[in-house]
Amino acid sequence: MPKPSNDSERQERFLRLFLAAEPELFRYVSVLCPTNEVAREIVQETALELWKKFDEFDPTQPFTPWACRFGLFVARQWVAKRQKWAAILNPENAQRLLARRAELMPQFDRAFAHLESCIEKLPPQQRSLLHGYYWAGAEVTALATQSHQTIEAIYKALQRIRQKLRACIESTLQPEAGR
Amino acid sequence: MMNDPSDEFQDRLAAGCQGTISKEQWEAMEDLLASDPKACDEYLWQVELHARLASTKDFLFDPAALLVSTPASNLVSESSSRWPIRSPSWLMTATLICVMAFFVSWFFAEPRERMEPTTEEGARSDHPARRTSEDGESSGSSSRGMGSMAGLIRSNVRFAWAKNGSVIAGTGPADPLPLGAFVPYNTPCSTLHVWDWSKGEMSKVFKDVRLLESQRFALSPDGKTLVQSNGKITDLDTGKVTLIDLGPEFFSNQGDQLRRIQDLMFSPDSGRLVLLTTKLELGEPSHPLLERDLKFRPEMLLLKFPEGRLISRFPSGHSSAKRFAFSASGDRLFAAAPADERKQQIIERDSGTGKIVRTYEPAIEEHAYALAVSEKGERLAAFDGAGALLIWDTATGKLLHRVDSVRTESYATALRFSPDGLYLAVNAVTKSFVVEVKTGHLLASLPQTKAAHFLWSEDCKRLTIVTGYAHYEGGAESLYNHFPAVFEWNWREAKLLKSHQAAPPEPKESSSALRR
């Protein structure tokens, strides 16, 4: 049986495009379903759909918007077949908020350019919590157990950290706006 | 009633991000989002921050930490702030690699079992989207090849058909071939072949006309003229070749090529030619080391044919002629909105000026994979990738029907109204459908696979179906290109009247047995 010559090339091309698009796809899907676990699940399903339909992708078009459209479609399917309830925007709100997000995107890009420096300003304890929750993938129950706090306290702490980061970003942006 | 930016709103939003919000709380928040733009902005801000934290790189990550096994007991303590990264990106990469490995191993392992699906379910797994060539032409494998490795093989033949004639043109080897021929995949196919099934089954070979799969070409609606993206016009009656200046086929830079002409399409009267092109634009730099960014914009050029004079040019959303439709008079052109626009609507333009005449509501949920306009121009049909066929009244712009009964596991890529405008033919991978335009009811479901083009008889009683080319696994050579075949149906009785289809190659075992 002849071996397809372009198979690995195709996979590489897909991976390259997908990995570049993945953060934005995740953020796009997060608008629809802000819970990380759900958004990740939808992004994974989207990756499968994109791979299945990759032959259809027009390389003259940007990949990320194409991927996002699939993300929206997969999210809708996910709603239909979900086993348990999860927070996902209804179609009307989803459409409006995604359109609004597109408008706000330049502002977001400017603002979140300061995210890293604002994280660095956090006290060690908060940075550690942020790290465990967002990047290390630790369960909140484990975070709570290890820090001798309640789960609610961990969630509240995370909320406060996000508020603090936002305040930091906004204060950093103000002098820029005044320029 | 919850108000923004109340603490309650903030708490619920945080709970939404954390996955701890209740259904009732979420519904209350959705109500607020529906009525309060400020709440929407707040929601977007919070969610964006939450998602950016989760999706971007680990700001605290130190590669050295990968060498250290961190005990779980140090999760929150300061000493534990160097964890092996487990960001979504890494998880996704690993998942994708596993998925791809699975796909590839599945495709290559035990192909014989998958080659002969005995049920429709088996056929469904071979989604046409994976096998659609750049020009939107179906490249689905034959029934034996379905669900096999064929979808991973690059297409090396290409075909075009006359919209209103019994003519197919395409790439082929040096010698004539019957319709529906099975040609070993490795056979060079770089010569123009033309089939006219009203005259016979064998192709006429134009030995002097070089035609490659990598080229784009279109047949005039009457099947008498072939135009290639390199500007060659071949008169298919006489074989005479003339030229039209279409500009460069490719943008070239030191051996690297970027296709400029993506597809071509004739107007119904053959007096105009549409070029679907890629336009290069300089944009604002996206990186400090760049002075400008190079943007690629799809653009449609409408030319007088065969003179080549430019009539109009306007932005285009797609590069495949399948996703465009002319009105019968040619004065209107219908197309979906650009693929990256989140609201996908069908747009009607004046083909002379490119001005938008109408934008059809409702928007397409996914993408418009096929479009058709009735002969008299009073109806427009589009297939929404979400699974429905939509039919509009072009005089009022009103949606008449949303037909879900044609939903299959595949997209429709070919639609054709009957000459009297009463019926609409719709393709799918394993079936072909006929829908009554007036009611939106499904009138017939034909067991015709791989339909790529429809042609109605004048009395609308017969439907001729041209199949797209496909890969075929089996026979002594293992892999074949299965060339287009033609089937004529009495669609009301689902009765096959005539077919132009070569016999498939004998299986490998039989061939070797014969040789012995």
# chains A, B, ... in the order shown; residues from 1 in each chain; ligands from 1
>>> interface_residues(of="chain A", to="chain B", cutoff="7 Å", atoms="only C-alpha atoms", output="tab-separated table (two decimals) with N, CA and C atoms, in the first residue's frame")
chain	number	residue	atom	x	y	z
A	1	MET	N	0.84	-1.19	0.00
A	1	MET	CA	0.00	0.00	0.00
A	1	MET	C	0.88	1.25	0.00
A	4	PRO	N	1.33	7.59	2.25
A	4	PRO	CA	1.11	8.98	1.90
A	4	PRO	C	2.32	9.83	2.25
A	7	ASP	N	1.57	13.04	4.83
A	7	ASP	CA	0.81	12.81	6.04
A	7	ASP	C	1.41	13.55	7.24
A	23	PRO	N	-4.42	29.38	22.50
A	23	PRO	CA	-4.76	30.30	23.59
A	23	PRO	C	-5.97	31.17	23.26
A	26	PHE	N	-9.11	29.11	23.33
A	26	PHE	CA	-9.51	28.85	24.72
A	26	PHE	C	-10.22	30.08	25.30
A	27	ARG	N	-9.67	31.27	25.01
A	27	ARG	CA	-10.29	32.49	25.55
A	27	ARG	C	-11.66	32.73	24.92
A	30	SER	N	-14.00	30.39	26.38
A	30	SER	CA	-14.25	30.76	27.78
A	30	SER	C	-15.35	31.81	27.91
A	31	VAL	N	-15.51	32.64	26.89
A	31	VAL	CA	-16.61	33.60	26.93
A	31	VAL	C	-17.93	32.84	27.00
A	34	PRO	N	-17.30	30.02	31.01
A	34	PRO	CA	-16.12	30.54	31.71
A	34	PRO	C	-15.42	29.52	32.61
A	35	THR	N	-16.08	28.42	32.89
A	35	THR	CA	-15.43	27.43	33.77
A	35	THR	C	-14.31	26.74	33.00
A	36	ASN	N	-13.12	26.79	33.57
A	36	ASN	CA	-11.94	26.28	32.87
A	36	ASN	C	-12.09	24.85	32.37
A	44	GLN	N	-10.75	20.78	23.47
A	44	GLN	CA	-10.23	19.48	23.02
A	44	GLN	C	-11.12	18.87	21.96
A	52	LYS	N	-10.28	16.72	11.88
A	52	LYS	CA	-11.09	15.95	10.92
A	52	LYS	C	-11.36	16.77	9.66
A	53	LYS	N	-11.52	18.08	9.84
A	53	LYS	CA	-11.91	18.92	8.72
A	53	LYS	C	-10.77	19.79	8.21
A	54	PHE	N	-9.58	19.40	8.56
A	54	PHE	CA	-8.44	20.26	8.22
A	54	PHE	C	-8.26	20.40	6.71
A	55	ASP	N	-8.65	19.38	5.96
A	55	ASP	CA	-8.51	19.47	4.49
A	55	ASP	C	-9.35	20.61	3.94
A	56	GLU	N	-10.32	20.97	4.69
A	56	GLU	CA	-11.23	22.00	4.21
A	56	GLU	C	-10.72	23.41	4.51
A	60	THR	N	-5.26	30.36	2.73
A	60	THR	CA	-5.15	31.81	2.51
A	60	THR	C	-5.93	32.57	3.58
A	65	PRO	N	-9.70	32.47	13.44
A	65	PRO	CA	-11.15	32.68	13.34
A	65	PRO	C	-11.89	31.42	12.89
A	66	TRP	N	-11.24	30.67	12.02
A	66	TRP	CA	-11.84	29.41	11.56
A	66	TRP	C	-11.99	28.46	12.74
A	69	ARG	N	-14.81	29.56	15.09
A	69	ARG	CA	-16.15	29.22	14.60
A	69	ARG	C	-16.48	27.76	14.94
A	87	ALA	N	-22.30	25.98	33.31
A	87	ALA	CA	-22.60	27.37	32.95
A	87	ALA	C	-22.16	27.66	31.52
A	93	ASN	N	-27.08	35.62	24.07
A	93	ASN	CA	-26.02	36.28	24.84
A	93	ASN	C	-24.65	35.97	24.26
A	97	LEU	N	-22.08	38.79	23.14
A	97	LEU	CA	-20.85	38.96	23.91
A	97	LEU	C	-19.61	38.69	23.05
A	101	ARG	N	-16.77	41.31	22.47
A	101	ARG	CA	-15.37	40.96	22.78
A	101	ARG	C	-14.47	41.34	21.61
A	116	GLU	N	1.77	40.10	33.21
A	116	GLU	CA	2.93	39.43	33.80
A	116	GLU	C	3.58	40.29	34.88
A	124	PRO	N	4.17	36.61	47.65
A	124	PRO	CA	4.50	35.21	47.34
A	124	PRO	C	3.36	34.24	47.55
A	125	GLN	N	2.63	34.41	48.66
A	125	GLN	CA	1.54	33.48	48.97
A	125	GLN	C	0.50	33.48	47.85
A	128	SER	N	1.76	31.92	44.67
A	128	SER	CA	1.79	30.48	44.81
A	128	SER	C	0.40	29.88	44.56
A	129	LEU	N	-0.61	30.54	45.09
A	129	LEU	CA	-1.98	30.06	44.90
A	129	LEU	C	-2.36	30.12	43.42
A	131	HIS	N	-0.42	30.06	40.95
A	131	HIS	CA	0.37	29.04	40.26
A	131	HIS	C	-0.27	27.65	40.39
A	132	GLY	N	-0.62	27.34	41.62
A	132	GLY	CA	-1.22	26.03	41.85
A	132	GLY	C	-2.54	25.86	41.12
A	134	TYR	N	-3.96	27.81	38.48
A	134	TYR	CA	-4.05	28.02	37.02
A	134	TYR	C	-3.07	27.18	36.21
A	135	TRP	N	-1.90	26.97	36.73
A	135	TRP	CA	-0.89	26.36	35.87
A	135	TRP	C	-0.49	24.96	36.30
A	136	ALA	N	-0.60	24.72	37.60
A	136	ALA	CA	-0.22	23.39	38.06
A	136	ALA	C	-1.40	22.43	38.01
A	137	GLY	N	-2.57	22.98	37.80
A	137	GLY	CA	-3.74	22.13	37.65
A	137	GLY	C	-4.16	21.45	38.94
A	143	LEU	N	-5.70	22.22	47.26
A	143	LEU	CA	-5.15	23.52	47.67
A	143	LEU	C	-5.67	23.89	49.06
A	146	GLN	N	-4.07	21.57	51.81
A	146	GLN	CA	-2.67	21.85	52.08
A	146	GLN	C	-2.45	23.20	52.76
A	147	SER	N	-3.39	24.10	52.55
A	147	SER	CA	-3.20	25.42	53.19
A	147	SER	C	-4.06	25.57	54.43
A	159	GLN	N	-10.49	34.97	43.80
A	159	GLN	CA	-11.27	36.12	43.32
A	159	GLN	C	-10.56	37.43	43.69
>>> closest_residue(among="A:Ala99, A:Leu158, A:Val74, A:Met105", to="Tyr133 (chain A)", atoms="only C-alpha atoms")
A:Leu158
>>> select_by_dssp(residues="region 6-155 of chain A", states="helix (DSSP H, G or I)", output="short mmCIF file (atom, residue, chain, number, x, y, z; two decimals) with N, CA and C atoms, in the first residue's frame")
data_model
loop_
_atom_site.label_atom_id
_atom_site.label_comp_id
_atom_site.auth_asym_id
_atom_site.auth_seq_id
_atom_site.Cartn_x
_atom_site.Cartn_y
_atom_site.Cartn_z
N ASP A 7 1.57 13.04 4.83
CA ASP A 7 0.81 12.81 6.04
C ASP A 7 1.41 13.55 7.24
N SER A 8 2.72 13.30 7.47
CA SER A 8 3.32 13.93 8.65
C SER A 8 3.42 15.44 8.45
N GLU A 9 3.59 15.83 7.21
CA GLU A 9 3.65 17.27 6.91
C GLU A 9 2.32 17.94 7.26
N ARG A 10 1.26 17.22 6.93
CA ARG A 10 -0.08 17.74 7.21
C ARG A 10 -0.30 17.86 8.72
N GLN A 11 0.14 16.83 9.44
CA GLN A 11 -0.01 16.86 10.89
C GLN A 11 0.79 18.00 11.50
N GLU A 12 2.00 18.15 10.98
CA GLU A 12 2.86 19.22 11.51
C GLU A 12 2.24 20.59 11.27
N ARG A 13 1.71 20.72 10.06
CA ARG A 13 1.11 22.00 9.69
C ARG A 13 -0.09 22.29 10.61
N PHE A 14 -0.87 21.24 10.84
CA PHE A 14 -2.04 21.42 11.70
C PHE A 14 -1.61 21.78 13.12
N LEU A 15 -0.65 21.01 13.63
CA LEU A 15 -0.20 21.27 15.00
C LEU A 15 0.34 22.68 15.17
N ARG A 16 1.12 23.09 14.16
CA ARG A 16 1.69 24.43 14.24
C ARG A 16 0.59 25.48 14.30
N LEU A 17 -0.37 25.33 13.41
CA LEU A 17 -1.47 26.30 13.37
C LEU A 17 -2.32 26.22 14.63
N PHE A 18 -2.60 25.00 15.04
CA PHE A 18 -3.49 24.85 16.17
C PHE A 18 -2.86 25.38 17.45
N LEU A 19 -1.60 25.03 17.67
CA LEU A 19 -0.97 25.47 18.90
C LEU A 19 -0.84 26.99 18.96
N ALA A 20 -0.66 27.59 17.80
CA ALA A 20 -0.61 29.06 17.78
C ALA A 20 -1.99 29.65 18.08
N ALA A 21 -3.02 28.95 17.66
CA ALA A 21 -4.39 29.47 17.83
C ALA A 21 -5.00 29.08 19.17
N GLU A 22 -4.42 28.09 19.82
CA GLU A 22 -5.06 27.50 20.99
C GLU A 22 -5.37 28.50 22.12
N PRO A 23 -4.42 29.38 22.50
CA PRO A 23 -4.76 30.30 23.59
C PRO A 23 -5.97 31.17 23.26
N GLU A 24 -6.00 31.68 22.04
CA GLU A 24 -7.13 32.53 21.67
C GLU A 24 -8.41 31.71 21.57
N LEU A 25 -8.31 30.49 21.07
CA LEU A 25 -9.48 29.62 21.00
C LEU A 25 -10.02 29.35 22.41
N PHE A 26 -9.11 29.11 23.33
CA PHE A 26 -9.51 28.85 24.72
C PHE A 26 -10.22 30.08 25.30
N ARG A 27 -9.67 31.27 25.01
CA ARG A 27 -10.29 32.49 25.55
C ARG A 27 -11.66 32.73 24.92
N TYR A 28 -11.73 32.45 23.63
CA TYR A 28 -12.99 32.60 22.89
C TYR A 28 -14.06 31.66 23.49
N VAL A 29 -13.67 30.42 23.69
CA VAL A 29 -14.61 29.44 24.24
C VAL A 29 -14.96 29.81 25.68
N SER A 30 -14.00 30.39 26.38
CA SER A 30 -14.25 30.76 27.78
C SER A 30 -15.35 31.81 27.91
N VAL A 31 -15.51 32.64 26.89
CA VAL A 31 -16.61 33.60 26.93
C VAL A 31 -17.93 32.84 27.00
N LEU A 32 -18.02 31.76 26.26
CA LEU A 32 -19.25 30.98 26.23
C LEU A 32 -19.43 30.19 27.51
N ASN A 36 -13.12 26.79 33.57
CA ASN A 36 -11.94 26.28 32.87
C ASN A 36 -12.09 24.85 32.37
N GLU A 37 -12.58 24.00 33.24
CA GLU A 37 -12.65 22.57 32.88
C GLU A 37 -13.54 22.36 31.66
N VAL A 38 -14.66 23.08 31.65
CA VAL A 38 -15.60 22.94 30.53
C VAL A 38 -14.98 23.51 29.26
N ALA A 39 -14.38 24.68 29.41
CA ALA A 39 -13.76 25.31 28.23
C ALA A 39 -12.68 24.40 27.66
N ARG A 40 -11.90 23.79 28.52
CA ARG A 40 -10.83 22.91 28.04
C ARG A 40 -11.40 21.70 27.31
N GLU A 41 -12.47 21.18 27.87
CA GLU A 41 -13.10 20.02 27.23
C GLU A 41 -13.60 20.40 25.83
N ILE A 42 -14.20 21.57 25.74
CA ILE A 42 -14.72 22.02 24.45
C ILE A 42 -13.56 22.28 23.48
N VAL A 43 -12.50 22.86 23.99
CA VAL A 43 -11.34 23.11 23.12
C VAL A 43 -10.77 21.77 22.62
N GLN A 44 -10.75 20.78 23.47
CA GLN A 44 -10.23 19.48 23.02
C GLN A 44 -11.12 18.87 21.96
N GLU A 45 -12.42 18.98 22.17
CA GLU A 45 -13.36 18.47 21.15
C GLU A 45 -13.21 19.25 19.85
N THR A 46 -12.99 20.55 20.01
CA THR A 46 -12.81 21.39 18.83
C THR A 46 -11.56 20.97 18.07
N ALA A 47 -10.52 20.64 18.81
CA ALA A 47 -9.28 20.20 18.15
C ALA A 47 -9.54 18.97 17.30
N LEU A 48 -10.35 18.06 17.81
CA LEU A 48 -10.66 16.84 17.04
C LEU A 48 -11.43 17.20 15.77
N GLU A 49 -12.40 18.10 15.92
CA GLU A 49 -13.21 18.50 14.76
C GLU A 49 -12.35 19.21 13.73
N LEU A 50 -11.47 20.07 14.22
CA LEU A 50 -10.59 20.82 13.30
C LEU A 50 -9.69 19.85 12.54
N TRP A 51 -9.20 18.88 13.25
CA TRP A 51 -8.30 17.91 12.60
C TRP A 51 -9.06 17.12 11.54
N LYS A 52 -10.28 16.72 11.88
CA LYS A 52 -11.09 15.95 10.92
C LYS A 52 -11.36 16.77 9.66
N PHE A 54 -9.58 19.40 8.56
CA PHE A 54 -8.44 20.26 8.22
C PHE A 54 -8.26 20.40 6.71
N ASP A 55 -8.65 19.38 5.96
CA ASP A 55 -8.51 19.47 4.49
C ASP A 55 -9.35 20.61 3.94
N GLU A 56 -10.32 20.97 4.69
CA GLU A 56 -11.23 22.00 4.21
C GLU A 56 -10.72 23.41 4.51
N PHE A 63 -6.24 31.09 10.44
CA PHE A 63 -6.68 29.83 11.06
C PHE A 63 -7.53 30.08 12.30
N THR A 64 -7.11 31.08 13.09
CA THR A 64 -7.76 31.26 14.40
C THR A 64 -9.26 31.54 14.30
N PRO A 65 -9.70 32.47 13.44
CA PRO A 65 -11.15 32.68 13.34
C PRO A 65 -11.89 31.42 12.89
N TRP A 66 -11.24 30.67 12.02
CA TRP A 66 -11.84 29.41 11.56
C TRP A 66 -11.99 28.46 12.74
N ALA A 67 -10.95 28.38 13.54
CA ALA A 67 -10.98 27.50 14.71
C ALA A 67 -12.04 27.98 15.70
N CYS A 68 -12.16 29.29 15.86
CA CYS A 68 -13.13 29.83 16.81
C CYS A 68 -14.56 29.50 16.38
N ARG A 69 -14.81 29.56 15.09
CA ARG A 69 -16.15 29.22 14.60
C ARG A 69 -16.48 27.76 14.94
N PHE A 70 -15.49 26.91 14.82
CA PHE A 70 -15.70 25.51 15.20
C PHE A 70 -15.93 25.41 16.70
N GLY A 71 -15.19 26.23 17.43
CA GLY A 71 -15.34 26.22 18.89
C GLY A 71 -16.78 26.54 19.28
N LEU A 72 -17.34 27.52 18.60
CA LEU A 72 -18.72 27.92 18.87
C LEU A 72 -19.66 26.76 18.56
N PHE A 73 -19.41 26.13 17.43
CA PHE A 73 -20.25 25.02 16.99
C PHE A 73 -20.15 23.84 17.97
N VAL A 74 -18.93 23.54 18.37
CA VAL A 74 -18.72 22.42 19.30
C VAL A 74 -19.36 22.73 20.65
N ALA A 75 -19.28 23.99 21.06
CA ALA A 75 -19.89 24.37 22.35
C ALA A 75 -21.39 24.12 22.30
N ARG A 76 -21.99 24.44 21.15
CA ARG A 76 -23.44 24.21 21.03
C ARG A 76 -23.75 22.72 21.10
N GLN A 77 -22.92 21.94 20.44
CA GLN A 77 -23.12 20.49 20.49
C GLN A 77 -22.95 19.99 21.92
N TRP A 78 -21.96 20.55 22.58
CA TRP A 78 -21.65 20.14 23.94
C TRP A 78 -22.86 20.37 24.84
N VAL A 79 -23.52 21.51 24.65
CA VAL A 79 -24.70 21.82 25.44
C VAL A 79 -25.75 20.73 25.24
N ALA A 80 -25.89 20.31 23.98
CA ALA A 80 -26.93 19.33 23.67
C ALA A 80 -26.66 17.97 24.30
N LYS A 81 -25.38 17.61 24.37
CA LYS A 81 -25.10 16.24 24.84
C LYS A 81 -24.50 16.18 26.24
N PRO A 91 -27.57 31.15 23.35
CA PRO A 91 -27.07 31.58 22.03
C PRO A 91 -27.14 33.10 21.81
N GLU A 92 -28.21 33.73 22.28
CA GLU A 92 -28.34 35.18 22.07
C GLU A 92 -27.24 35.95 22.79
N ASN A 93 -27.08 35.62 24.07
CA ASN A 93 -26.02 36.28 24.84
C ASN A 93 -24.65 35.97 24.26
N ALA A 94 -24.48 34.71 23.85
CA ALA A 94 -23.17 34.30 23.31
C ALA A 94 -22.82 35.14 22.09
N GLN A 95 -23.78 35.27 21.19
CA GLN A 95 -23.53 36.01 19.95
C GLN A 95 -23.17 37.47 20.27
N ARG A 96 -23.92 38.05 21.20
CA ARG A 96 -23.70 39.46 21.50
C ARG A 96 -22.36 39.66 22.22
N LEU A 97 -22.08 38.79 23.14
CA LEU A 97 -20.85 38.96 23.91
C LEU A 97 -19.61 38.69 23.05
N LEU A 98 -19.72 37.74 22.14
CA LEU A 98 -18.57 37.48 21.26
C LEU A 98 -18.32 38.67 20.35
N ALA A 99 -19.40 39.27 19.89
CA ALA A 99 -19.24 40.45 19.04
C ALA A 99 -18.62 41.60 19.84
N ARG A 100 -19.08 41.76 21.05
CA ARG A 100 -18.55 42.82 21.91
C ARG A 100 -17.08 42.55 22.25
N ARG A 101 -16.77 41.31 22.47
CA ARG A 101 -15.37 40.96 22.78
C ARG A 101 -14.47 41.34 21.61
N ALA A 102 -14.96 41.10 20.41
CA ALA A 102 -14.15 41.46 19.23
C ALA A 102 -13.87 42.96 19.24
N GLU A 103 -14.86 43.75 19.66
CA GLU A 103 -14.67 45.21 19.72
C GLU A 103 -13.65 45.58 20.80
N LEU A 104 -13.73 44.85 21.90
CA LEU A 104 -12.86 45.19 23.04
C LEU A 104 -11.44 44.63 22.90
N MET A 105 -11.24 43.81 21.91
CA MET A 105 -9.98 43.09 21.82
C MET A 105 -8.74 44.00 21.82
N PRO A 106 -8.75 45.10 21.08
CA PRO A 106 -7.56 45.96 21.15
C PRO A 106 -7.28 46.45 22.58
N GLN A 107 -8.36 46.79 23.30
CA GLN A 107 -8.19 47.22 24.70
C GLN A 107 -7.63 46.08 25.55
N PHE A 108 -8.18 44.91 25.34
CA PHE A 108 -7.70 43.75 26.10
C PHE A 108 -6.22 43.49 25.84
N ASP A 109 -5.86 43.54 24.58
CA ASP A 109 -4.46 43.27 24.25
C ASP A 109 -3.54 44.28 24.92
N ARG A 110 -3.96 45.53 24.92
CA ARG A 110 -3.14 46.56 25.59
C ARG A 110 -3.07 46.28 27.09
N ALA A 111 -4.23 45.98 27.64
CA ALA A 111 -4.30 45.80 29.10
C ALA A 111 -3.50 44.59 29.56
N PHE A 112 -3.70 43.47 28.89
CA PHE A 112 -3.09 42.24 29.38
C PHE A 112 -1.61 42.12 29.04
N LEU A 115 -0.06 42.04 32.32
CA LEU A 115 -0.45 40.99 33.26
C LEU A 115 0.76 40.37 33.97
N GLU A 116 1.77 40.10 33.21
CA GLU A 116 2.93 39.43 33.80
C GLU A 116 3.58 40.29 34.88
N SER A 117 3.75 41.58 34.57
CA SER A 117 4.41 42.43 35.57
C SER A 117 3.53 42.59 36.81
N CYS A 118 2.22 42.56 36.61
CA CYS A 118 1.32 42.66 37.77
C CYS A 118 1.37 41.38 38.61
N ILE A 119 1.51 40.25 37.96
CA ILE A 119 1.63 39.00 38.72
C ILE A 119 2.89 39.04 39.58
N GLU A 120 3.93 39.58 39.01
CA GLU A 120 5.20 39.65 39.74
C GLU A 120 5.11 40.52 40.99
N PRO A 124 4.17 36.61 47.65
CA PRO A 124 4.50 35.21 47.34
C PRO A 124 3.36 34.24 47.55
N GLN A 125 2.63 34.41 48.66
CA GLN A 125 1.54 33.48 48.97
C GLN A 125 0.50 33.48 47.85
N GLN A 126 0.17 34.66 47.36
CA GLN A 126 -0.84 34.78 46.29
C GLN A 126 -0.31 34.23 44.97
N ARG A 127 0.95 34.50 44.71
CA ARG A 127 1.54 33.97 43.46
C ARG A 127 1.51 32.45 43.49
N SER A 128 1.76 31.92 44.67
CA SER A 128 1.79 30.48 44.81
C SER A 128 0.40 29.88 44.56
N LEU A 129 -0.61 30.54 45.09
CA LEU A 129 -1.98 30.06 44.90
C LEU A 129 -2.36 30.12 43.42
N LEU A 130 -2.01 31.25 42.81
CA LEU A 130 -2.29 31.43 41.39
C LEU A 130 -1.62 30.32 40.58
N HIS A 131 -0.42 30.06 40.95
CA HIS A 131 0.37 29.04 40.26
C HIS A 131 -0.27 27.65 40.39
N GLY A 132 -0.62 27.34 41.62
CA GLY A 132 -1.22 26.03 41.85
C GLY A 132 -2.54 25.86 41.12
N TYR A 133 -3.37 26.90 41.15
CA TYR A 133 -4.70 26.80 40.57
C TYR A 133 -4.68 26.85 39.04
N TYR A 134 -3.96 27.81 38.48
CA TYR A 134 -4.05 28.02 37.02
C TYR A 134 -3.07 27.18 36.21
N TRP A 135 -1.90 26.97 36.73
CA TRP A 135 -0.89 26.36 35.87
C TRP A 135 -0.49 24.96 36.30
N VAL A 140 -8.92 22.28 43.75
CA VAL A 140 -9.14 23.27 44.80
C VAL A 140 -9.17 22.59 46.17
N THR A 141 -9.72 21.39 46.20
CA THR A 141 -9.77 20.67 47.49
C THR A 141 -8.35 20.43 48.01
N ALA A 142 -7.44 20.09 47.09
CA ALA A 142 -6.05 19.85 47.51
C ALA A 142 -5.41 21.15 47.99
N LEU A 143 -5.70 22.22 47.26
CA LEU A 143 -5.15 23.52 47.67
C LEU A 143 -5.67 23.89 49.06
N ALA A 144 -6.95 23.61 49.27
CA ALA A 144 -7.55 23.95 50.57
C ALA A 144 -6.94 23.11 51.69
N THR A 145 -6.82 21.81 51.42
CA THR A 145 -6.27 20.91 52.45
C THR A 145 -4.86 21.33 52.83
N GLN A 146 -4.07 21.57 51.81
CA GLN A 146 -2.67 21.85 52.08
C GLN A 146 -2.45 23.20 52.76
N SER A 147 -3.39 24.10 52.55
CA SER A 147 -3.20 25.42 53.19
C SER A 147 -4.06 25.57 54.43
N ILE A 151 -12.53 25.35 51.15
CA ILE A 151 -12.60 25.51 49.69
C ILE A 151 -13.11 26.91 49.33
N GLU A 152 -14.12 27.34 50.10
CA GLU A 152 -14.69 28.67 49.85
C GLU A 152 -13.63 29.75 50.01
N ALA A 153 -12.78 29.56 51.01
CA ALA A 153 -11.72 30.55 51.25
C ALA A 153 -10.75 30.60 50.08
N ILE A 154 -10.47 29.44 49.52
CA ILE A 154 -9.56 29.40 48.36
C ILE A 154 -10.19 30.14 47.18
N TYR A 155 -11.47 29.84 46.94
CA TYR A 155 -12.14 30.52 45.83
C TYR A 155 -12.17 32.03 46.05
#
>>> select_by_dssp(residues="region 201-239 of chain B", states="strand (DSSP E)", output="PyMOL selection string")
chain B and resi 204-210+217-219+225-228+232-235
>>> atom_distance(atom1="CA of Thr464 (chain B)", atom2="CA of Pro268 (chain B)")
19.1 Å
>>> residues_around(residues="region 331-333 of chain B", least_positions_apart="2", cutoff="9 Å", atoms="only C-alpha atoms", output="PyMOL selection string")
chain B and resi 267+324-329+335+347-352+354+357
>>> closest_residue(among="B:Gly283, B:Gly440, B:Pro507, B:Gly330", to="Gly271 (chain B)", atoms="only C-alpha atoms")
B:Gly330
>>> residues_around(residues="Glu201 (chain B)", least_positions_apart="3", cutoff="7 Å", atoms="only C-alpha atoms", output="list of chain:residue names")
B:Pro178, B:Leu179, B:Trp195, B:Trp197, B:His500
>>> atom_distance(atom1="CA of Glu299 (chain B)", atom2="CA of Ala169 (chain B)")
25.8 Å
>>> atom_distance(atom1="CA of Pro188 (chain B)", atom2="CA of Val227 (chain B)")
21.4 Å
>>> residues_around(residues="Val434 (chain B)", least_positions_apart="3", cutoff="7 Å", atoms="only C-alpha atoms", output="PDB file with C-alpha atoms, in the first residue's frame")
ATOM      1  CA  TYR B 423     -37.551  20.918  -7.052  1.00  0.00           C
ATOM      2  CA  LEU B 424     -34.132  21.145  -5.568  1.00  0.00           C
ATOM      3  CA  ALA B 425     -31.487  18.415  -5.761  1.00  0.00           C
ATOM      4  CA  VAL B 426     -29.174  18.160  -2.743  1.00  0.00           C
ATOM      5  CA  LEU B 442     -38.335  15.801   1.087  1.00  0.00           C
ATOM      6  CA  LEU B 443     -39.709  14.074  -2.013  1.00  0.00           C
ATOM      7  CA  ALA B 444     -36.972  11.586  -2.798  1.00  0.00           C
ATOM      8  CA  SER B 445     -33.916  10.067  -1.232  1.00  0.00           C
TER       9      SER B 445
END
